[in-house]
>>> print(open('upload_27.txt').read())   # compact mmCIF, C-alpha atoms and all ligand atoms
# COMPACT_ATOMS: atom_id res chain seq x y z
CA MET A 1 0.00 0.00 0.00
CA LYS A 2 1.54 3.30 -1.05
CA LEU A 3 1.90 6.43 1.00
CA THR A 4 0.95 8.86 -1.73
CA PRO A 5 1.18 12.60 -1.08
CA LYS A 6 -2.55 12.51 -0.40
CA VAL A 7 -2.23 9.82 2.24
CA LEU A 8 0.74 11.59 3.78
CA ALA A 9 -1.20 14.84 3.90
CA ARG A 10 -3.73 13.00 6.05
CA PHE A 11 -0.87 11.96 8.28
CA ASP A 12 0.18 15.49 8.64
CA ASP A 13 -3.43 16.23 9.50
CA ALA A 14 -3.31 13.56 12.17
CA TYR A 15 -0.11 14.97 13.62
CA ARG A 16 -1.33 18.55 13.53
CA GLY A 17 -1.57 20.02 16.99
CA GLN A 18 0.40 17.15 18.48
CA ARG A 19 3.90 17.38 19.86
CA TRP A 20 5.61 15.88 16.82
CA TRP A 21 8.11 18.60 16.11
CA GLY A 22 11.55 17.24 16.88
CA ASP A 23 10.11 13.93 18.01
CA ARG A 24 10.22 10.84 15.85
CA PRO A 25 6.63 10.18 14.86
CA ILE A 26 5.58 6.56 15.02
CA MET A 27 4.17 5.49 11.74
CA ASN A 28 3.23 2.21 10.26
CA PRO A 29 2.37 2.24 6.57
CA SER A 30 -0.27 -0.46 6.75
CA SER A 31 -2.20 1.23 9.54
CA ALA A 32 -1.63 4.44 7.58
CA SER A 33 -3.41 3.02 4.58
CA ARG A 34 -6.24 1.79 6.72
CA SER A 35 -6.63 5.11 8.43
CA ALA A 36 -6.86 6.70 5.00
CA GLY A 37 -9.80 4.44 4.20
CA VAL A 38 -7.88 2.16 1.82
CA PRO A 39 -8.69 -1.53 2.32
CA ASP A 40 -5.67 -3.67 3.05
CA PRO A 41 -5.79 -6.69 0.72
CA ALA A 42 -2.75 -8.45 2.13
CA VAL A 43 -3.32 -11.53 4.18
CA GLU A 44 0.24 -11.50 5.48
CA SER A 45 1.80 -8.22 6.61
CA VAL A 46 4.60 -8.58 4.07
CA PRO A 47 3.71 -10.98 1.25
CA ARG A 48 6.06 -13.85 0.62
CA LEU A 49 8.54 -13.82 -2.25
CA VAL A 50 7.49 -16.98 -4.06
CA GLY A 51 9.84 -18.74 -6.47
CA GLN A 52 12.40 -21.51 -6.43
CA SER A 53 13.88 -20.91 -9.89
CA GLU A 54 17.62 -20.30 -10.02
CA PRO A 55 17.34 -16.53 -10.58
CA MET A 56 14.90 -16.21 -7.66
CA LEU A 57 17.09 -18.21 -5.29
CA LYS A 58 19.99 -15.97 -6.26
CA LEU A 59 17.84 -12.91 -5.68
CA ALA A 60 16.69 -14.19 -2.26
CA ALA A 61 20.32 -14.68 -1.22
CA ARG A 62 21.18 -11.14 -2.29
CA ILE A 63 18.15 -9.76 -0.43
CA ALA A 64 19.37 -11.51 2.73
CA ALA A 65 22.86 -10.06 2.25
CA VAL A 66 21.74 -6.46 1.72
CA SER A 67 19.11 -6.60 4.49
CA ALA A 68 21.82 -7.00 7.10
CA ARG A 69 23.53 -3.79 5.93
CA ASN A 70 22.44 -0.23 5.45
CA SER A 71 23.56 0.22 1.85
CA THR A 72 21.47 2.13 -0.64
CA VAL A 73 19.86 -0.31 -3.06
CA LEU A 74 18.71 0.18 -6.63
CA ILE A 75 16.13 -2.36 -7.80
CA ARG A 76 15.62 -2.76 -11.51
CA GLY A 77 13.12 -4.74 -13.50
CA GLU A 78 10.17 -4.56 -15.86
CA SER A 79 6.78 -3.47 -14.70
CA GLY A 80 5.08 -5.97 -12.41
CA VAL A 81 8.12 -8.17 -11.67
CA GLY A 82 7.97 -7.55 -7.92
CA LYS A 83 10.31 -4.60 -7.34
CA GLU A 84 8.25 -3.17 -4.50
CA LEU A 85 7.89 -6.58 -2.92
CA VAL A 86 11.67 -6.96 -2.98
CA ALA A 87 12.02 -3.57 -1.26
CA GLN A 88 9.51 -4.66 1.41
CA GLN A 89 11.41 -7.89 1.94
CA ILE A 90 14.68 -6.01 2.45
CA HIS A 91 13.02 -3.73 4.98
CA ALA A 92 11.28 -6.56 6.81
CA ALA A 93 14.51 -8.56 7.13
CA SER A 94 16.55 -5.56 8.27
CA ARG A 95 17.15 -4.14 11.73
CA ARG A 96 14.79 -1.36 10.73
CA ALA A 97 11.83 -3.73 10.44
CA ALA A 98 10.08 -2.13 13.42
CA GLY A 99 10.44 1.30 11.80
CA PRO A 100 8.27 2.67 9.00
CA PHE A 101 8.44 1.60 5.35
CA VAL A 102 7.44 4.64 3.35
CA ALA A 103 6.87 4.09 -0.36
CA VAL A 104 6.87 7.16 -2.57
CA ASP A 105 5.70 6.94 -6.15
CA CYS A 106 8.01 9.46 -7.84
CA THR A 107 5.60 9.87 -10.77
CA THR A 108 3.22 11.70 -8.42
CA LEU A 109 5.82 14.24 -7.21
CA ARG A 110 5.69 17.68 -8.73
CA ASP A 111 8.61 19.98 -9.51
CA THR A 112 7.19 22.95 -7.64
CA LEU A 113 6.17 20.98 -4.55
CA PHE A 114 9.02 18.48 -4.55
CA GLU A 115 11.04 19.82 -1.63
CA SER A 116 7.98 20.28 0.53
CA GLN A 117 6.64 16.80 -0.35
CA LEU A 118 9.97 15.17 0.41
CA PHE A 119 11.44 17.31 3.20
CA GLY A 120 8.31 18.90 4.65
CA HIS A 121 7.84 22.58 5.40
CA VAL A 122 7.52 24.81 8.43
CA LYS A 123 4.40 26.81 9.17
CA GLY A 124 4.25 29.92 7.00
CA ALA A 125 7.01 28.71 4.64
CA PHE A 126 4.90 29.87 1.70
CA THR A 127 1.44 31.20 1.00
CA GLY A 128 -1.06 28.63 2.13
CA ALA A 129 1.40 26.77 4.41
CA ASP A 130 -0.88 27.14 7.45
CA HIS A 131 0.49 24.03 9.11
CA PRO A 132 3.91 22.44 9.21
CA THR A 133 4.25 19.15 7.35
CA LEU A 134 6.58 16.27 7.93
CA GLY A 135 7.51 15.22 4.39
CA PHE A 136 8.22 11.66 3.25
CA TRP A 137 11.85 11.73 4.31
CA ARG A 138 11.24 12.37 8.00
CA ALA A 139 8.17 10.12 7.94
CA ALA A 140 10.63 7.31 7.15
CA ASP A 141 12.98 8.17 10.03
CA GLY A 142 14.28 4.99 11.63
CA GLY A 143 13.00 2.96 8.69
CA THR A 144 13.18 2.72 4.93
CA LEU A 145 12.31 5.29 2.27
CA PHE A 146 11.35 3.51 -0.95
CA LEU A 147 11.61 5.79 -3.98
CA ASP A 148 9.63 4.03 -6.69
CA GLU A 149 10.02 4.93 -10.39
CA ILE A 150 13.07 7.07 -9.66
CA GLY A 151 13.71 7.40 -13.42
CA GLU A 152 10.67 9.67 -13.71
CA LEU A 153 12.17 12.52 -11.65
CA SER A 154 13.04 15.71 -13.54
CA LEU A 155 16.65 16.92 -13.49
CA SER A 156 15.85 19.65 -10.98
CA MET A 157 14.15 17.15 -8.65
CA GLN A 158 17.17 14.87 -9.01
CA ALA A 159 19.45 17.71 -7.84
CA LYS A 160 17.34 18.26 -4.72
CA LEU A 161 17.20 14.57 -3.96
CA LEU A 162 20.97 14.31 -4.28
CA ARG A 163 21.37 17.00 -1.65
CA GLY A 164 19.26 15.03 0.81
CA LEU A 165 21.24 11.88 0.08
CA GLN A 166 24.58 13.61 0.58
CA ASP A 167 23.75 15.40 3.79
CA ARG A 168 21.75 12.71 5.58
CA ALA A 169 20.07 15.64 7.29
CA ILE A 170 17.27 17.69 5.86
CA VAL A 171 16.08 21.25 6.17
CA PRO A 172 12.31 21.61 5.79
CA VAL A 173 11.21 24.32 3.37
CA GLY A 174 11.31 27.64 5.25
CA GLY A 175 13.38 26.09 8.06
CA VAL A 176 16.90 26.93 9.14
CA GLU A 177 18.26 24.11 11.28
CA PRO A 178 19.17 20.84 9.53
CA ILE A 179 17.35 17.91 11.11
CA PRO A 180 19.32 14.66 11.18
CA VAL A 181 17.30 11.80 9.73
CA ASN A 182 18.19 8.15 9.82
CA VAL A 183 16.72 6.54 6.72
CA ARG A 184 17.75 3.74 4.44
CA ILE A 185 17.08 4.50 0.79
CA ILE A 186 15.84 1.92 -1.68
CA ALA A 187 15.06 3.11 -5.21
CA ALA A 188 13.39 1.25 -8.07
CA THR A 189 12.91 1.78 -11.77
CA HIS A 190 11.89 -0.06 -14.91
CA ARG A 191 14.07 2.30 -16.95
CA ASN A 192 17.63 1.87 -18.14
CA LEU A 193 19.31 4.53 -16.01
CA GLU A 194 22.75 4.09 -17.64
CA GLU A 195 21.18 4.93 -20.98
CA MET A 196 19.42 7.93 -19.40
CA VAL A 197 22.75 9.09 -17.95
CA ARG A 198 24.32 8.87 -21.43
CA ARG A 199 21.49 10.92 -22.88
CA GLY A 200 21.80 13.53 -20.14
CA GLU A 201 18.38 12.71 -18.69
CA PHE A 202 19.63 11.35 -15.37
CA ARG A 203 22.40 12.81 -13.22
CA GLU A 204 25.45 10.60 -13.15
CA ASP A 205 26.34 11.55 -9.55
CA LEU A 206 22.85 10.60 -8.37
CA TYR A 207 23.03 7.34 -10.32
CA PHE A 208 26.30 6.37 -8.63
CA ARG A 209 24.91 7.21 -5.23
CA LEU A 210 21.84 5.06 -5.78
CA LYS A 211 23.37 1.99 -7.38
CA VAL A 212 25.68 1.10 -4.48
CA VAL A 213 24.00 -2.31 -4.57
CA ARG A 214 22.01 -3.14 -7.68
CA LEU A 215 19.39 -5.87 -7.67
CA ASP A 216 17.87 -7.00 -10.96
CA VAL A 217 14.50 -8.69 -10.75
CA PRO A 218 14.21 -10.91 -13.83
CA PRO A 219 11.03 -10.89 -15.96
CA LEU A 220 8.69 -13.81 -15.39
CA ARG A 221 9.35 -15.22 -18.89
CA GLU A 222 12.96 -15.89 -17.79
CA ARG A 223 11.81 -17.98 -14.80
CA MET A 224 8.80 -19.82 -16.15
CA SER A 225 9.33 -22.67 -13.67
CA ASP A 226 7.99 -20.28 -11.00
CA VAL A 227 4.62 -19.86 -12.78
CA PRO A 228 2.81 -22.88 -11.25
CA SER A 229 3.90 -22.11 -7.68
CA LEU A 230 3.06 -18.42 -8.06
CA ALA A 231 -0.35 -19.24 -9.55
CA ARG A 232 -1.16 -21.67 -6.71
CA TYR A 233 0.06 -19.17 -4.14
CA PHE A 234 -2.22 -16.42 -5.50
CA LEU A 235 -5.14 -18.86 -5.65
CA ALA A 236 -4.65 -19.90 -2.03
CA ARG A 237 -4.34 -16.26 -0.99
CA LEU A 238 -7.68 -15.46 -2.62
CA SER A 239 -9.48 -18.29 -0.78
CA ALA A 240 -7.92 -17.10 2.48
CA LEU A 241 -8.85 -13.51 1.76
CA TYR A 242 -12.49 -14.34 0.97
CA GLU A 243 -12.65 -17.10 3.59
CA GLU A 244 -13.90 -19.52 0.97
CA PRO A 245 -13.09 -23.21 0.37
CA PRO A 246 -9.85 -23.72 -1.58
CA LYS A 247 -9.94 -23.95 -5.38
CA GLN A 248 -7.51 -25.79 -7.64
CA PHE A 249 -6.06 -25.55 -11.14
CA ASP A 250 -6.27 -28.58 -13.40
CA ALA A 251 -3.42 -29.58 -15.72
CA SER A 252 -4.85 -27.63 -18.68
CA ALA A 253 -4.80 -24.40 -16.67
CA ILE A 254 -1.20 -24.90 -15.56
CA GLU A 255 -0.20 -25.76 -19.12
CA ALA A 256 -1.86 -22.62 -20.50
CA MET A 257 -0.18 -20.45 -17.89
CA THR A 258 3.24 -21.88 -18.65
CA ALA A 259 2.74 -21.36 -22.40
CA TYR A 260 2.01 -17.65 -22.07
CA THR A 261 4.88 -15.11 -22.01
CA TRP A 262 3.46 -12.79 -19.28
CA PRO A 263 4.46 -9.38 -20.64
CA GLY A 264 2.91 -7.83 -17.50
CA ASN A 265 4.92 -10.23 -15.34
CA VAL A 266 3.82 -11.37 -11.86
CA ARG A 267 1.19 -8.66 -11.56
CA GLU A 268 -0.48 -9.91 -14.75
CA LEU A 269 -0.34 -13.49 -13.45
CA ALA A 270 -1.94 -12.45 -10.15
CA ASN A 271 -4.69 -10.67 -12.08
CA ALA A 272 -5.28 -13.67 -14.38
CA VAL A 273 -5.62 -15.93 -11.32
CA GLU A 274 -8.10 -13.55 -9.75
CA TYR A 275 -10.08 -13.38 -13.01
CA ALA A 276 -10.36 -17.18 -13.07
CA TYR A 277 -11.09 -17.37 -9.34
CA VAL A 278 -13.91 -14.87 -9.50
CA LEU A 279 -15.60 -16.00 -12.72
CA ALA A 280 -15.18 -19.80 -12.72
CA PRO A 281 -18.26 -21.55 -11.42
CA GLY A 282 -16.59 -24.65 -9.90
CA GLU A 283 -13.74 -25.41 -7.58
CA ILE A 284 -11.51 -26.79 -10.33
CA LEU A 285 -10.20 -24.05 -12.61
CA THR A 286 -9.36 -25.04 -16.18
CA ALA A 287 -7.61 -23.30 -19.09
CA ALA A 288 -11.03 -22.17 -20.33
CA ASP A 289 -11.47 -20.08 -17.17
CA LEU A 290 -8.33 -18.00 -17.83
CA PRO A 291 -8.31 -14.65 -19.65
CA ASP A 292 -8.39 -14.82 -23.49
CA GLU A 293 -4.75 -13.95 -24.10
CA VAL A 294 -3.57 -16.76 -21.80
CA ARG A 295 -5.88 -19.30 -23.44
CA LEU A 296 -4.75 -18.18 -26.90
CA ALA A 297 -1.11 -18.74 -25.96
CA ALA A 298 -1.84 -22.33 -25.02
CA ALA A 299 -3.74 -22.95 -28.26
CA GLN A 300 -0.82 -21.44 -30.14
CA ARG A 301 1.67 -23.76 -28.49
CA GLN A 302 -0.43 -26.81 -29.31
CA SER A 303 -0.61 -25.83 -32.96
CA SER A 304 3.03 -24.89 -33.35
CA ALA A 305 3.97 -28.58 -33.40
CA GLY A 306 2.18 -29.18 -36.71
CA ASP A 307 0.26 -27.38 -39.41
CA ALA A 308 -2.99 -27.36 -37.50
CA ILE A 309 -5.53 -24.69 -38.34
CA VAL A 310 -5.54 -22.17 -35.50
CA PRO A 311 -7.85 -19.24 -34.76
CA LEU A 312 -6.93 -16.20 -36.85
CA ASP A 313 -6.05 -14.04 -33.83
CA VAL A 314 -3.63 -16.71 -32.58
CA ALA A 315 -1.84 -16.75 -35.92
CA GLU A 316 -1.88 -12.95 -36.13
CA ARG A 317 -0.34 -12.53 -32.69
CA ALA A 318 2.40 -15.02 -33.52
CA LEU A 319 3.17 -13.29 -36.82
CA ILE A 320 3.38 -9.83 -35.23
CA LEU A 321 5.66 -11.21 -32.53
CA ARG A 322 7.92 -12.65 -35.24
CA ALA A 323 8.03 -9.31 -37.06
CA LEU A 324 8.89 -7.48 -33.83
CA THR A 325 11.61 -9.99 -33.03
CA ALA A 326 13.07 -9.60 -36.52
CA THR A 327 13.18 -5.80 -36.17
CA GLN A 328 14.47 -5.76 -32.55
CA GLY A 329 11.17 -4.30 -31.42
CA ASN A 330 11.07 -1.45 -33.94
CA GLN A 331 7.37 -1.04 -34.68
CA ALA A 332 7.79 1.21 -37.71
CA ARG A 333 9.98 -1.37 -39.45
CA ALA A 334 7.75 -4.22 -38.32
CA ALA A 335 4.75 -2.45 -39.87
CA ARG A 336 6.65 -2.10 -43.16
CA LEU A 337 7.52 -5.81 -43.11
CA LEU A 338 3.89 -6.72 -42.51
CA LYS A 339 2.76 -4.16 -45.10
CA ILE A 340 0.25 -2.57 -42.78
CA GLU A 341 -0.11 0.96 -41.46
CA ARG A 342 1.95 1.82 -38.45
CA ARG A 343 -1.07 2.90 -36.43
CA ARG A 344 -2.82 -0.38 -37.15
CA LEU A 345 0.21 -2.24 -35.81
CA TYR A 346 0.26 -0.08 -32.66
CA ARG A 347 -3.37 -1.04 -32.07
CA LYS A 348 -2.64 -4.74 -32.57
CA VAL A 349 0.40 -4.56 -30.27
CA ARG A 350 -1.82 -3.20 -27.51
CA GLN A 351 -4.61 -5.68 -28.26
CA TYR A 352 -2.26 -8.67 -27.99
CA ASN A 353 -0.28 -7.30 -25.04
CA LEU A 354 2.96 -7.22 -26.99
CA GLN A 355 4.25 -3.88 -25.66
CA PRO A 356 7.25 -5.43 -23.84
CA PHE A 357 8.55 -6.68 -27.18
CA THR A 358 8.61 -3.17 -28.64
CA ILE A 359 11.05 -0.33 -28.22
CA ARG A 360 9.18 2.27 -26.20
CA ARG A 361 11.18 5.36 -27.08
CA VAL A 362 13.14 5.78 -30.27
CA SER A 363 16.22 7.90 -29.72
CA PRO A 364 16.93 10.79 -32.14
CA HIS A 365 19.84 8.83 -33.68
CA GLU A 366 17.63 5.90 -34.57
CA ARG A 367 14.98 8.22 -35.92
CA THR A 368 17.34 9.76 -38.46
CA ALA A 369 19.15 6.49 -39.25
N1 LIG A 401 7.88 -13.52 -6.25
C1 LIG A 401 6.67 -13.11 -5.85
N2 LIG A 401 5.98 -13.81 -4.95
C2 LIG A 401 4.76 -13.43 -4.54
N3 LIG A 401 4.14 -12.33 -4.99
C3 LIG A 401 4.77 -11.57 -5.88
C4 LIG A 401 6.08 -11.90 -6.36
N4 LIG A 401 6.48 -10.96 -7.22
C5 LIG A 401 5.48 -10.06 -7.29
N5 LIG A 401 4.45 -10.40 -6.51
C6 LIG A 401 3.19 -9.69 -6.36
O1 LIG A 401 2.87 -9.17 -7.65
C7 LIG A 401 2.37 -7.84 -7.56
C8 LIG A 401 3.27 -6.89 -8.32
O2 LIG A 401 4.50 -6.76 -7.64
P1 LIG A 401 5.18 -5.32 -7.35
O3 LIG A 401 4.16 -4.29 -7.14
O4 LIG A 401 6.21 -5.53 -6.30
O5 LIG A 401 5.86 -5.11 -8.77
P2 LIG A 401 6.65 -3.85 -9.35
O6 LIG A 401 7.84 -4.39 -10.04
O7 LIG A 401 6.85 -2.85 -8.26
O8 LIG A 401 5.62 -3.34 -10.41
P3 LIG A 401 5.45 -1.89 -11.09
O9 LIG A 401 6.69 -1.67 -11.89
O10 LIG A 401 4.26 -2.09 -11.94
O11 LIG A 401 5.28 -0.92 -9.97
C9 LIG A 401 2.28 -7.52 -6.08
O12 LIG A 401 0.97 -7.83 -5.65
C10 LIG A 401 3.30 -8.47 -5.45
O13 LIG A 401 2.98 -8.78 -4.12
MG MG A 402 6.21 -0.83 -8.20
>>> encode(input="upload_27.txt", output="structure tokens")
Amino acid sequence: MKLTPKVLARFDDAYRGQRWWGDRPIMNPSSASRSAGVPDPAVESVPRLVGQSEPMLKLAARIAAVSARNSTVLIRGESGVGKELVAQQIHAASRRAAGPFVAVDCTTLRDTLFESQLFGHVKGAFTGADHPTLGFWRAADGGTLFLDEIGELSLSMQAKLLRGLQDRAIVPVGGVEPIPVNVRIIAATHRNLEEMVRRGEFREDLYFRLKVVRLDVPPLRERMSDVPSLARYFLARLSALYEEPPKQFDASAIEAMTAYTWPGNVRELANAVEYAYVLAPGEILTAADLPDEVRLAAAQRQSSAGDAIVPLDVAERALILRALTATQGNQARAARLLKIERRRLYRKVRQYNLQPFTIRRVSPHERTA
């Protein structure tokens, strides 16, 4: 559950009038979310990191190693791979576990409010600042500050963040005295920060400060052996959550799930399991109960062995994927190969969930090449 600026503002509301200035406020993100009226879907306080594949075992070992230390960690991986879960695991296994875990979604921070959102402000710091605020940084004192989607910060926000990281003490907007804060920083991004540094979009000094320890969370398609255990875990969690009798997958469902490439990674798998759980009438879930794109993948795998006639959309998806592979994800060139309009291809890419196989941004060099 994220502590968005809105949720934090409610915190500041809660602290208003209390003797919090100079004191370390006690804050627990899960009770924070509840107090803000957000239901807490987790059955466990920190969900388990499921997966026995080689890359996951390696990751678990690295999580254990970094948890024991205070190093700044940079977590990288595609959308939905479990970056935030990894950050929660590090916090929960660290000596700071009793302290707060404050997750900040950097895409919601605004240039003009950045310092106040992060470092807080004193009363009267600017017009409309009727009450002092704590800011995310001090809210995480004694715990972990998780900066999610760090690659989305503007250059000016990056400069301000760097100052906080260097000083390990912060001055609230309008304040004078630096306040020492004891936080451990974990950042995450789905972006290639090295590439952004080369293009001048991300400060090199900030990058070096963040990547002291780098953890890469591999996409689900590179650890397909984890799919059945993850699917069963999510299914069991749903029964526990709804206090309903357990449900099971049959072999066809497991086969379909292991044939699909999961461009949306673990999050997409969790959603597919919930879809089947909610809509299937019985207690045994089959391939037919899964979302269309997952079912189609299974049908596609069955047909790839021979020359069987397959549904047109199955064949179309496979052909587009081949064109994207041949052009290293360049959609403009793939459209030319397929002799269709670029916009039509964009539509199909979205329809078949093929975005991860495309290049999202074309750099100026490629555009003129
Ligand atoms: N190995 C895992 N075991 C159990 N649950 C997992 C695992 N990986 C991810 N999840 C679950 O999948 C969902 C998505 O994970 P998470 O939010 O950590 O991903 P993310 O990489 O931060 O995604 P995004 O980039 O979209 O923010 C969460 O509900 C998380 O608990
Ligand atoms: Mg995330």
>>> residues_near_ligand(input="upload_27.txt", ligand="ligand LIG 401 (chain A)", cutoff="7 Å", atoms="all atoms listed in the file", output="PyMOL selection string")
chain A and resi 47-51+77-86+190+230+266-267+270
>>> closest_residue(input="upload_27.txt", among="A:Ile359, A:Ala335, A:Leu290, A:Val73", to="Arg191 (chain A)", atoms="all atoms listed in the file")
A:Ile359
>>> atom_distance(input="upload_27.txt", atom1="CA of Asp105 (chain A)", atom2="CA of Gly151 (chain A)")
10.8 Å
>>> atom_distance(input="upload_27.txt", atom1="CA of Val278 (chain A)", atom2="CA of Asn265 (chain A)")
20.3 Å
>>> atom_distance(input="upload_27.txt", atom1="CA of Ala103 (chain A)", atom2="CA of Ile186 (chain A)")
9.3 Å
>>> closest_residue(input="upload_27.txt", among="A:Gln351, A:Asn192, A:Ser94, A:Thr107", to="ligand MG 402 (chain A)", atoms="all atoms listed in the file")
A:Thr107
>>> closest_residue(input="upload_27.txt", among="A:Gln88, A:Gln355, A:Ser45, A:Thr127", to="ligand MG 402 (chain A)", atoms="all atoms listed in the file")
A:Gln88
>>> closest_residue(input="upload_27.txt", among="A:Tyr352, A:Phe357, A:Tyr260, A:Tyr207", to="Ala326 (chain A)", atoms="all atoms listed in the file")
A:Phe357
>>> residues_around(input="upload_27.txt", residues="Pro291 (chain A)", least_positions_apart="3", cutoff="9 Å", atoms="all atoms listed in the file", output="list in words")
Ala272, Val273, Tyr275, Ala276, Ala287, Ala288, Val294, Arg295 and Leu296 of chain A
>>> closest_residue(input="upload_27.txt", among="A:Val183, A:Val217, A:Met257, A:Leu162", to="ligand MG 402 (chain A)", atoms="all atoms listed in the file")
A:Val217
>>> closest_residue(input="upload_27.txt", among="A:Phe146, A:Phe101, A:Phe136, A:Trp262", to="ligand MG 402 (chain A)", atoms="all atoms listed in the file")
A:Phe146
>>> residues_around(input="upload_27.txt", residues="Phe208 (chain A)", least_positions_apart="6", cutoff="12 Å", atoms="only C-alpha atoms", output="list in words")
Thr72, Val73, Leu74, Leu162, Leu165, Gln166, Leu193, Glu194, Val197, Phe202 and Arg214 of chain A
>>> residues_around(input="upload_27.txt", residues="His121 (chain A)", least_positions_apart="3", cutoff="9 Å", atoms="all atoms listed in the file", output="PDB file with C-alpha atoms, in the coordinates of the input")
ATOM      1  CA  GLU A 115      11.040  19.820  -1.630  1.00  0.00           C
ATOM      2  CA  SER A 116       7.980  20.280   0.530  1.00  0.00           C
ATOM      3  CA  GLN A 117       6.640  16.800  -0.350  1.00  0.00           C
ATOM      4  CA  GLY A 124       4.250  29.920   7.000  1.00  0.00           C
ATOM      5  CA  ALA A 125       7.010  28.710   4.640  1.00  0.00           C
ATOM      6  CA  PHE A 126       4.900  29.870   1.700  1.00  0.00           C
ATOM      7  CA  ALA A 129       1.400  26.770   4.410  1.00  0.00           C
ATOM      8  CA  HIS A 131       0.490  24.030   9.110  1.00  0.00           C
ATOM      9  CA  PRO A 132       3.910  22.440   9.210  1.00  0.00           C
ATOM     10  CA  THR A 133       4.250  19.150   7.350  1.00  0.00           C
ATOM     11  CA  LEU A 134       6.580  16.270   7.930  1.00  0.00           C
ATOM     12  CA  GLY A 135       7.510  15.220   4.390  1.00  0.00           C
ATOM     13  CA  VAL A 171      16.080  21.250   6.170  1.00  0.00           C
ATOM     14  CA  PRO A 172      12.310  21.610   5.790  1.00  0.00           C
ATOM     15  CA  VAL A 173      11.210  24.320   3.370  1.00  0.00           C
ATOM     16  CA  GLY A 174      11.310  27.640   5.250  1.00  0.00           C
ATOM     17  CA  GLY A 175      13.380  26.090   8.060  1.00  0.00           C
TER      18      GLY A 175
END
